[in-house]
>>> print(open('input10.tsv').read())   # TSV, C-alpha atoms
chain	number	residue	atom	x	y	z
A	1	MET	CA	-3.72	-95.96	234.76
A	2	ALA	CA	-3.28	-99.70	235.04
A	3	ARG	CA	-1.00	-102.24	233.37
A	4	ILE	CA	-3.20	-104.94	231.88
A	5	LEU	CA	-2.31	-108.28	230.33
A	6	VAL	CA	-4.94	-109.58	227.88
A	7	ALA	CA	-4.91	-113.27	226.88
A	8	GLU	CA	-7.38	-113.95	224.05
A	9	ASP	CA	-7.00	-116.36	221.15
A	10	GLU	CA	-9.47	-114.64	218.80
A	11	PRO	CA	-7.52	-111.86	217.05
A	12	ALA	CA	-10.56	-109.60	216.50
A	13	VAL	CA	-11.63	-109.79	220.15
A	14	ARG	CA	-8.05	-109.36	221.36
A	15	GLU	CA	-7.63	-106.21	219.25
A	16	PHE	CA	-11.05	-104.82	220.26
A	17	VAL	CA	-10.25	-105.24	223.96
A	18	ARG	CA	-6.71	-103.88	223.55
A	19	ARG	CA	-7.96	-100.74	221.80
A	20	ALA	CA	-10.79	-100.19	224.27
A	21	LEU	CA	-8.40	-100.40	227.23
A	22	GLN	CA	-5.81	-98.18	225.57
A	23	HIS	CA	-8.56	-95.66	224.89
A	24	ARG	CA	-8.89	-95.41	228.69
A	25	SER	CA	-5.11	-94.86	228.92
A	26	HIS	CA	-4.28	-98.31	230.26
A	27	GLU	CA	-0.96	-99.86	229.27
A	28	VAL	CA	-1.92	-103.11	227.52
A	29	THR	CA	0.00	-106.20	226.50
A	30	ALA	CA	-2.11	-108.56	224.38
A	31	VAL	CA	-1.19	-112.21	223.80
A	32	ALA	CA	-2.87	-115.15	222.07
A	33	ASP	CA	-2.93	-117.79	224.81
A	34	GLY	CA	-2.08	-118.76	228.36
A	35	THR	CA	1.45	-119.86	227.53
A	36	GLU	CA	2.24	-116.45	226.06
A	37	ALA	CA	0.63	-114.79	229.08
A	38	LEU	CA	2.89	-116.70	231.46
A	39	ALA	CA	5.92	-115.70	229.38
A	40	ALA	CA	4.85	-112.05	229.56
A	41	LEU	CA	4.45	-112.30	233.34
A	42	ALA	CA	7.83	-114.00	233.66
A	43	ALA	CA	9.42	-111.13	231.75
A	44	ASP	CA	7.59	-108.44	233.74
A	45	ALA	CA	5.41	-109.27	236.73
A	46	SER	CA	4.20	-105.71	237.34
A	47	TYR	CA	0.74	-106.14	235.79
A	48	ASP	CA	-2.28	-104.94	237.75
A	49	LEU	CA	-4.82	-107.12	235.93
A	50	LEU	CA	-4.99	-110.26	233.84
A	51	LEU	CA	-7.99	-110.28	231.51
A	52	THR	CA	-8.20	-113.76	230.04
A	53	ASP	CA	-10.48	-115.78	227.85
A	54	ILE	CA	-11.38	-119.16	229.33
A	55	VAL	CA	-11.28	-121.29	226.16
A	56	MET	CA	-7.87	-121.00	224.48
A	57	PRO	CA	-5.34	-123.38	222.92
A	58	GLU	CA	-2.11	-124.38	224.66
A	59	MET	CA	-3.24	-123.33	228.16
A	60	ASP	CA	-6.82	-122.38	228.90
A	61	GLY	CA	-7.87	-119.48	231.09
A	62	ILE	CA	-8.72	-121.67	234.08
A	63	ALA	CA	-5.23	-123.20	234.19
A	64	LEU	CA	-3.76	-119.74	233.60
A	65	ALA	CA	-5.80	-118.21	236.44
A	66	LEU	CA	-4.71	-120.95	238.85
A	67	LYS	CA	-1.04	-120.46	237.92
A	68	VAL	CA	-1.19	-116.65	238.09
A	69	ALA	CA	-3.05	-116.69	241.43
A	70	LEU	CA	-0.30	-118.93	242.86
A	71	ASP	CA	2.75	-117.23	241.34
A	72	HIS	CA	1.54	-113.60	241.09
A	73	PRO	CA	-1.06	-113.14	243.86
A	74	LYS	CA	-1.17	-109.35	243.50
A	75	VAL	CA	-2.42	-109.55	239.90
A	76	ARG	CA	-6.20	-109.27	239.76
A	77	ILE	CA	-7.89	-111.76	237.42
A	78	LEU	CA	-10.92	-111.07	235.24
A	79	MET	CA	-12.18	-113.72	232.84
A	80	MET	CA	-14.28	-113.66	229.68
A	81	THR	CA	-16.13	-116.39	227.83
A	82	GLY	CA	-18.80	-117.05	225.27
A	83	TYR	CA	-19.67	-120.45	226.74
A	84	ALA	CA	-22.18	-120.81	229.57
A	85	ALA	CA	-20.65	-124.05	230.82
A	86	GLU	CA	-17.22	-122.44	231.02
A	87	LYS	CA	-18.63	-119.48	232.92
A	88	ALA	CA	-20.10	-121.86	235.50
A	89	ARG	CA	-16.75	-123.66	235.69
A	90	ALA	CA	-14.95	-120.36	236.28
A	91	HIS	CA	-17.30	-119.38	239.07
A	92	ASN	CA	-15.88	-122.30	241.02
A	93	LEU	CA	-12.80	-120.06	241.22
A	94	ASP	CA	-14.64	-117.18	242.91
A	95	VAL	CA	-11.96	-116.85	245.55
A	96	LEU	CA	-9.29	-116.28	242.87
A	97	ILE	CA	-11.05	-114.19	240.22
A	98	HIS	CA	-13.05	-110.99	240.29
A	99	ASP	CA	-15.69	-111.77	237.66
A	100	VAL	CA	-16.50	-113.50	234.38
A	101	VAL	CA	-17.66	-111.29	231.50
A	102	THR	CA	-19.94	-112.97	228.96
A	103	LYS	CA	-19.21	-112.56	225.26
A	104	PRO	CA	-20.30	-110.83	223.19
A	105	PHE	CA	-19.83	-107.64	225.17
A	106	THR	CA	-19.81	-103.97	224.31
A	107	MET	CA	-16.90	-101.64	224.85
A	108	GLU	CA	-18.76	-100.08	227.77
A	109	GLN	CA	-19.36	-103.48	229.37
A	110	ILE	CA	-15.73	-104.59	229.21
A	111	LEU	CA	-14.48	-101.22	230.42
A	112	ALA	CA	-16.92	-101.30	233.35
A	113	ALA	CA	-15.85	-104.83	234.28
A	114	VAL	CA	-12.18	-103.86	234.13
A	115	ALA	CA	-12.80	-100.74	236.23
A	116	ALA	CA	-14.69	-102.79	238.83
A	117	ALA	CA	-11.90	-105.38	239.02
A	118	LEU	CA	-9.24	-102.69	239.35
A	119	ALA	CA	-11.23	-100.95	242.09
A	120	LYS	CA	-11.11	-104.07	244.27
A	121	PRO	CA	-8.04	-105.03	246.24
A	122	ALA	CA	-5.98	-107.89	244.89
A	123	VAL	CA	-7.28	-111.26	246.11
A	124	ALA	CA	-4.09	-112.18	247.96
>>> encode(input="input10.tsv", output="structure tokens")
Amino acid sequence: MARILVAEDEPAVREFVRRALQHRSHEVTAVADGTEALAALAADASYDLLLTDIVMPEMDGIALALKVALDHPKVRILMMTGYAAEKARAHNLDVLIHDVVTKPFTMEQILAAVAAALAKPAVA
């Protein structure tokens, strides 16, 4: 299965996503913001997918996606948000990300989105 880095500032959502992905036998590292995600990637760049919220403190998901796409082009990027305006903003990054999942989502929806992103080749 895949190695997935989850960046989500809401603890309940972060834990829900982590458990759902682990249930599918993915190896998951879950962090609270973009700064922690970059630290995790600096320590181990062998992730297959970054699943990140857009609105987070410290470093938001858009800034994180831009940095990861530049520094780790083989890592696929999937975003999630509960804000329509942020989803539209993320779609301006279509060349860098695979999709934006709208919150709230079910376990089946997030697992399907992750599977679809992993099935595609890395952007770079």
>>> atom_distance(input="input10.tsv", atom1="CA of Gly34 (chain A)", atom2="CA of Asp60 (chain A)")
6.0 Å
>>> residues_near_point(input="input10.tsv", point="(2.2, -115.3, 235.2)", cutoff="10 Å", atoms="only C-alpha atoms", output="compact mmCIF listing (two decimals) with C-alpha atoms, in the frame of the given file")
# COMPACT_ATOMS: atom_id res chain seq x y z
CA LEU A 5 -2.31 -108.28 230.33
CA GLY A 34 -2.08 -118.76 228.36
CA THR A 35 1.45 -119.86 227.53
CA GLU A 36 2.24 -116.45 226.06
CA ALA A 37 0.63 -114.79 229.08
CA LEU A 38 2.89 -116.70 231.46
CA ALA A 39 5.92 -115.70 229.38
CA ALA A 40 4.85 -112.05 229.56
CA LEU A 41 4.45 -112.30 233.34
CA ALA A 42 7.83 -114.00 233.66
CA ALA A 43 9.42 -111.13 231.75
CA ASP A 44 7.59 -108.44 233.74
CA ALA A 45 5.41 -109.27 236.73
CA TYR A 47 0.74 -106.14 235.79
CA LEU A 50 -4.99 -110.26 233.84
CA LEU A 64 -3.76 -119.74 233.60
CA ALA A 65 -5.80 -118.21 236.44
CA LEU A 66 -4.71 -120.95 238.85
CA LYS A 67 -1.04 -120.46 237.92
CA VAL A 68 -1.19 -116.65 238.09
CA ALA A 69 -3.05 -116.69 241.43
CA LEU A 70 -0.30 -118.93 242.86
CA ASP A 71 2.75 -117.23 241.34
CA HIS A 72 1.54 -113.60 241.09
CA PRO A 73 -1.06 -113.14 243.86
CA VAL A 75 -2.42 -109.55 239.90
>>> closest_residue(input="input10.tsv", among="A:Leu49, A:Leu78, A:Ile110, A:Met56", to="Pro11 (chain A)", atoms="all atoms listed in the file")
A:Met56
>>> closest_residue(input="input10.tsv", among="A:Leu96, A:Ala2, A:Ala20, A:Ala32", to="Thr52 (chain A)", atoms="only C-alpha atoms")
A:Ala32
>>> closest_residue(input="input10.tsv", among="A:Leu51, A:Met107, A:Ala117, A:Met1", to="Arg19 (chain A)", atoms="all atoms listed in the file")
A:Met107
>>> residues_around(input="input10.tsv", residues="Leu118 (chain A)", least_positions_apart="2", cutoff="8 Å", atoms="all atoms listed in the file", output="list in words")
Ala2, Asp48, Leu49, Arg76, Val114, Ala115, Ala116, Lys120 and Pro121 of chain A
>>> axis_aligned_box(input="input10.tsv", around="region 24-40 of chain A", padding_each_side="5 Å", output="AutoDock Vina command-line options")
--center_x -1.5 --center_y -107.4 --center_z 226.8 --size_x 24.8 --size_y 35.0 --size_z 19.4
>>> closest_atom_pairs(input="input10.tsv", of="region 23-121 of chain A", to="region 13-17 of chain A", cutoff="12 Å", atoms="only C-alpha atoms", output="Markdown table")
| residue | atom | partner | partner_atom | distance |
| --- | --- | --- | --- | --- |
| A:His23 | CA | A:Val17 | CA | 9.8 |
| A:Arg24 | CA | A:Val17 | CA | 11.0 |
| A:His26 | CA | A:Val17 | CA | 11.1 |
| A:Glu27 | CA | A:Val17 | CA | 12.0 |
| A:Val28 | CA | A:Val17 | CA | 9.3 |
| A:Thr29 | CA | A:Arg14 | CA | 10.1 |
| A:Ala30 | CA | A:Arg14 | CA | 6.7 |
| A:Val31 | CA | A:Arg14 | CA | 7.8 |
| A:Ala32 | CA | A:Arg14 | CA | 7.8 |
| A:Asp33 | CA | A:Arg14 | CA | 10.4 |
| A:Leu51 | CA | A:Val17 | CA | 9.4 |
| A:Thr52 | CA | A:Arg14 | CA | 9.7 |
| A:Asp53 | CA | A:Arg14 | CA | 9.4 |
| A:Met80 | CA | A:Val13 | CA | 10.6 |
| A:Thr81 | CA | A:Val13 | CA | 11.1 |
| A:Gly82 | CA | A:Val13 | CA | 11.4 |
| A:Lys103 | CA | A:Val13 | CA | 9.6 |
| A:Pro104 | CA | A:Val13 | CA | 9.2 |
| A:Phe105 | CA | A:Val13 | CA | 9.9 |
| A:Thr106 | CA | A:Val17 | CA | 9.7 |
| A:Met107 | CA | A:Val17 | CA | 7.6 |
| A:Glu108 | CA | A:Val17 | CA | 10.7 |
| A:Gln109 | CA | A:Val17 | CA | 10.7 |
| A:Ile110 | CA | A:Val17 | CA | 7.6 |
| A:Leu111 | CA | A:Val17 | CA | 8.7 |
| A:Ala113 | CA | A:Val17 | CA | 11.7 |
| A:Val114 | CA | A:Val17 | CA | 10.4 |
>>> write_last_selection(input="input10.tsv", atoms="C-alpha atoms", output="PDB file, in the frame of the given file")
ATOM      1  CA  HIS A  23      -8.560 -95.660 224.890  1.00  0.00           C
ATOM      2  CA  ARG A  24      -8.890 -95.410 228.690  1.00  0.00           C
ATOM      3  CA  HIS A  26      -4.280 -98.310 230.260  1.00  0.00           C
ATOM      4  CA  GLU A  27      -0.960 -99.860 229.270  1.00  0.00           C
ATOM      5  CA  VAL A  28      -1.920-103.110 227.520  1.00  0.00           C
ATOM      6  CA  THR A  29       0.000-106.200 226.500  1.00  0.00           C
ATOM      7  CA  ALA A  30      -2.110-108.560 224.380  1.00  0.00           C
ATOM      8  CA  VAL A  31      -1.190-112.210 223.800  1.00  0.00           C
ATOM      9  CA  ALA A  32      -2.870-115.150 222.070  1.00  0.00           C
ATOM     10  CA  ASP A  33      -2.930-117.790 224.810  1.00  0.00           C
ATOM     11  CA  LEU A  51      -7.990-110.280 231.510  1.00  0.00           C
ATOM     12  CA  THR A  52      -8.200-113.760 230.040  1.00  0.00           C
ATOM     13  CA  ASP A  53     -10.480-115.780 227.850  1.00  0.00           C
ATOM     14  CA  MET A  80     -14.280-113.660 229.680  1.00  0.00           C
ATOM     15  CA  THR A  81     -16.130-116.390 227.830  1.00  0.00           C
ATOM     16  CA  GLY A  82     -18.800-117.050 225.270  1.00  0.00           C
ATOM     17  CA  LYS A 103     -19.210-112.560 225.260  1.00  0.00           C
ATOM     18  CA  PRO A 104     -20.300-110.830 223.190  1.00  0.00           C
ATOM     19  CA  PHE A 105     -19.830-107.640 225.170  1.00  0.00           C
ATOM     20  CA  THR A 106     -19.810-103.970 224.310  1.00  0.00           C
ATOM     21  CA  MET A 107     -16.900-101.640 224.850  1.00  0.00           C
ATOM     22  CA  GLU A 108     -18.760-100.080 227.770  1.00  0.00           C
ATOM     23  CA  GLN A 109     -19.360-103.480 229.370  1.00  0.00           C
ATOM     24  CA  ILE A 110     -15.730-104.590 229.210  1.00  0.00           C
ATOM     25  CA  LEU A 111     -14.480-101.220 230.420  1.00  0.00           C
ATOM     26  CA  ALA A 113     -15.850-104.830 234.280  1.00  0.00           C
ATOM     27  CA  VAL A 114     -12.180-103.860 234.130  1.00  0.00           C
TER      28      VAL A 114
END
>>> atom_distance(input="input10.tsv", atom1="CA of Arg3 (chain A)", atom2="CA of Ile77 (chain A)")
12.4 Å
>>> atom_distance(input="input10.tsv", atom1="CA of Glu10 (chain A)", atom2="CA of Met79 (chain A)")
14.3 Å
>>> closest_residue(input="input10.tsv", among="A:Tyr83, A:Arg18, A:Ala122, A:Ala12", to="Ile54 (chain A)", atoms="only C-alpha atoms")
A:Tyr83
>>> closest_residue(input="input10.tsv", among="A:Leu93, A:Val101, A:Ala112, A:Val55", to="Ala7 (chain A)", atoms="all atoms listed in the file")
A:Val55
>>> build_atoms(input="input10.tsv", residues="region 96-119 of chain A", atoms="N, CA and C atoms", output="PDB file, keeping the file's coordinate frame")
ATOM      1  N   LEU A  96     -10.483-116.712 243.599  1.00  0.00           N
ATOM      2  CA  LEU A  96      -9.290-116.280 242.870  1.00  0.00           C
ATOM      3  C   LEU A  96      -9.547-115.199 241.832  1.00  0.00           C
ATOM      4  N   ILE A  97     -10.769-115.136 241.303  1.00  0.00           N
ATOM      5  CA  ILE A  97     -11.050-114.190 240.220  1.00  0.00           C
ATOM      6  C   ILE A  97     -12.076-113.158 240.668  1.00  0.00           C
ATOM      7  N   HIS A  98     -12.116-112.052 239.941  1.00  0.00           N
ATOM      8  CA  HIS A  98     -13.050-110.990 240.290  1.00  0.00           C
ATOM      9  C   HIS A  98     -14.406-111.148 239.610  1.00  0.00           C
ATOM     10  N   ASP A  99     -14.418-111.631 238.375  1.00  0.00           N
ATOM     11  CA  ASP A  99     -15.690-111.770 237.660  1.00  0.00           C
ATOM     12  C   ASP A  99     -15.437-112.518 236.354  1.00  0.00           C
ATOM     13  N   VAL A 100     -16.548-112.902 235.717  1.00  0.00           N
ATOM     14  CA  VAL A 100     -16.500-113.500 234.380  1.00  0.00           C
ATOM     15  C   VAL A 100     -17.423-112.674 233.499  1.00  0.00           C
ATOM     16  N   VAL A 101     -16.894-112.101 232.434  1.00  0.00           N
ATOM     17  CA  VAL A 101     -17.660-111.290 231.500  1.00  0.00           C
ATOM     18  C   VAL A 101     -18.106-112.196 230.353  1.00  0.00           C
ATOM     19  N   THR A 102     -19.386-112.129 230.018  1.00  0.00           N
ATOM     20  CA  THR A 102     -19.940-112.970 228.960  1.00  0.00           C
ATOM     21  C   THR A 102     -19.805-112.287 227.605  1.00  0.00           C
ATOM     22  N   LYS A 103     -19.285-113.041 226.639  1.00  0.00           N
ATOM     23  CA  LYS A 103     -19.210-112.560 225.260  1.00  0.00           C
ATOM     24  C   LYS A 103     -20.532-112.859 224.564  1.00  0.00           C
ATOM     25  N   PRO A 104     -20.941-112.075 223.614  1.00  0.00           N
ATOM     26  CA  PRO A 104     -20.300-110.830 223.190  1.00  0.00           C
ATOM     27  C   PRO A 104     -20.580-109.717 224.188  1.00  0.00           C
ATOM     28  N   PHE A 105     -19.664-108.792 224.285  1.00  0.00           N
ATOM     29  CA  PHE A 105     -19.830-107.640 225.170  1.00  0.00           C
ATOM     30  C   PHE A 105     -19.546-106.368 224.393  1.00  0.00           C
ATOM     31  N   THR A 106     -20.064-105.274 224.919  1.00  0.00           N
ATOM     32  CA  THR A 106     -19.810-103.970 224.310  1.00  0.00           C
ATOM     33  C   THR A 106     -18.538-103.375 224.911  1.00  0.00           C
ATOM     34  N   MET A 107     -18.055-102.335 224.308  1.00  0.00           N
ATOM     35  CA  MET A 107     -16.900-101.640 224.850  1.00  0.00           C
ATOM     36  C   MET A 107     -17.205-101.134 226.260  1.00  0.00           C
ATOM     37  N   GLU A 108     -18.391-100.591 226.453  1.00  0.00           N
ATOM     38  CA  GLU A 108     -18.760-100.080 227.770  1.00  0.00           C
ATOM     39  C   GLU A 108     -18.797-101.184 228.806  1.00  0.00           C
ATOM     40  N   GLN A 109     -19.287-102.365 228.429  1.00  0.00           N
ATOM     41  CA  GLN A 109     -19.360-103.480 229.370  1.00  0.00           C
ATOM     42  C   GLN A 109     -17.975-103.970 229.789  1.00  0.00           C
ATOM     43  N   ILE A 110     -17.060-104.109 228.845  1.00  0.00           N
ATOM     44  CA  ILE A 110     -15.730-104.590 229.210  1.00  0.00           C
ATOM     45  C   ILE A 110     -14.978-103.540 230.003  1.00  0.00           C
ATOM     46  N   LEU A 111     -15.143-102.277 229.656  1.00  0.00           N
ATOM     47  CA  LEU A 111     -14.480-101.220 230.420  1.00  0.00           C
ATOM     48  C   LEU A 111     -15.030-101.135 231.840  1.00  0.00           C
ATOM     49  N   ALA A 112     -16.328-101.317 232.010  1.00  0.00           N
ATOM     50  CA  ALA A 112     -16.920-101.300 233.350  1.00  0.00           C
ATOM     51  C   ALA A 112     -16.425-102.481 234.183  1.00  0.00           C
ATOM     52  N   ALA A 113     -16.336-103.650 233.565  1.00  0.00           N
ATOM     53  CA  ALA A 113     -15.850-104.830 234.280  1.00  0.00           C
ATOM     54  C   ALA A 113     -14.393-104.661 234.703  1.00  0.00           C
ATOM     55  N   VAL A 114     -13.578-104.115 233.817  1.00  0.00           N
ATOM     56  CA  VAL A 114     -12.180-103.860 234.130  1.00  0.00           C
ATOM     57  C   VAL A 114     -12.072-102.839 235.256  1.00  0.00           C
ATOM     58  N   ALA A 115     -12.835-101.768 235.178  1.00  0.00           N
ATOM     59  CA  ALA A 115     -12.800-100.740 236.230  1.00  0.00           C
ATOM     60  C   ALA A 115     -13.210-101.322 237.578  1.00  0.00           C
ATOM     61  N   ALA A 116     -14.236-102.156 237.585  1.00  0.00           N
ATOM     62  CA  ALA A 116     -14.690-102.790 238.830  1.00  0.00           C
ATOM     63  C   ALA A 116     -13.604-103.704 239.401  1.00  0.00           C
ATOM     64  N   ALA A 117     -12.962-104.484 238.548  1.00  0.00           N
ATOM     65  CA  ALA A 117     -11.900-105.380 239.020  1.00  0.00           C
ATOM     66  C   ALA A 117     -10.718-104.586 239.569  1.00  0.00           C
ATOM     67  N   LEU A 118     -10.365-103.508 238.896  1.00  0.00           N
ATOM     68  CA  LEU A 118      -9.240-102.690 239.350  1.00  0.00           C
ATOM     69  C   LEU A 118      -9.563-101.945 240.649  1.00  0.00           C
ATOM     70  N   ALA A 119     -10.839-101.666 240.885  1.00  0.00           N
ATOM     71  CA  ALA A 119     -11.230-100.950 242.090  1.00  0.00           C
ATOM     72  C   ALA A 119     -11.151-101.821 243.335  1.00  0.00           C
TER      73      ALA A 119
END
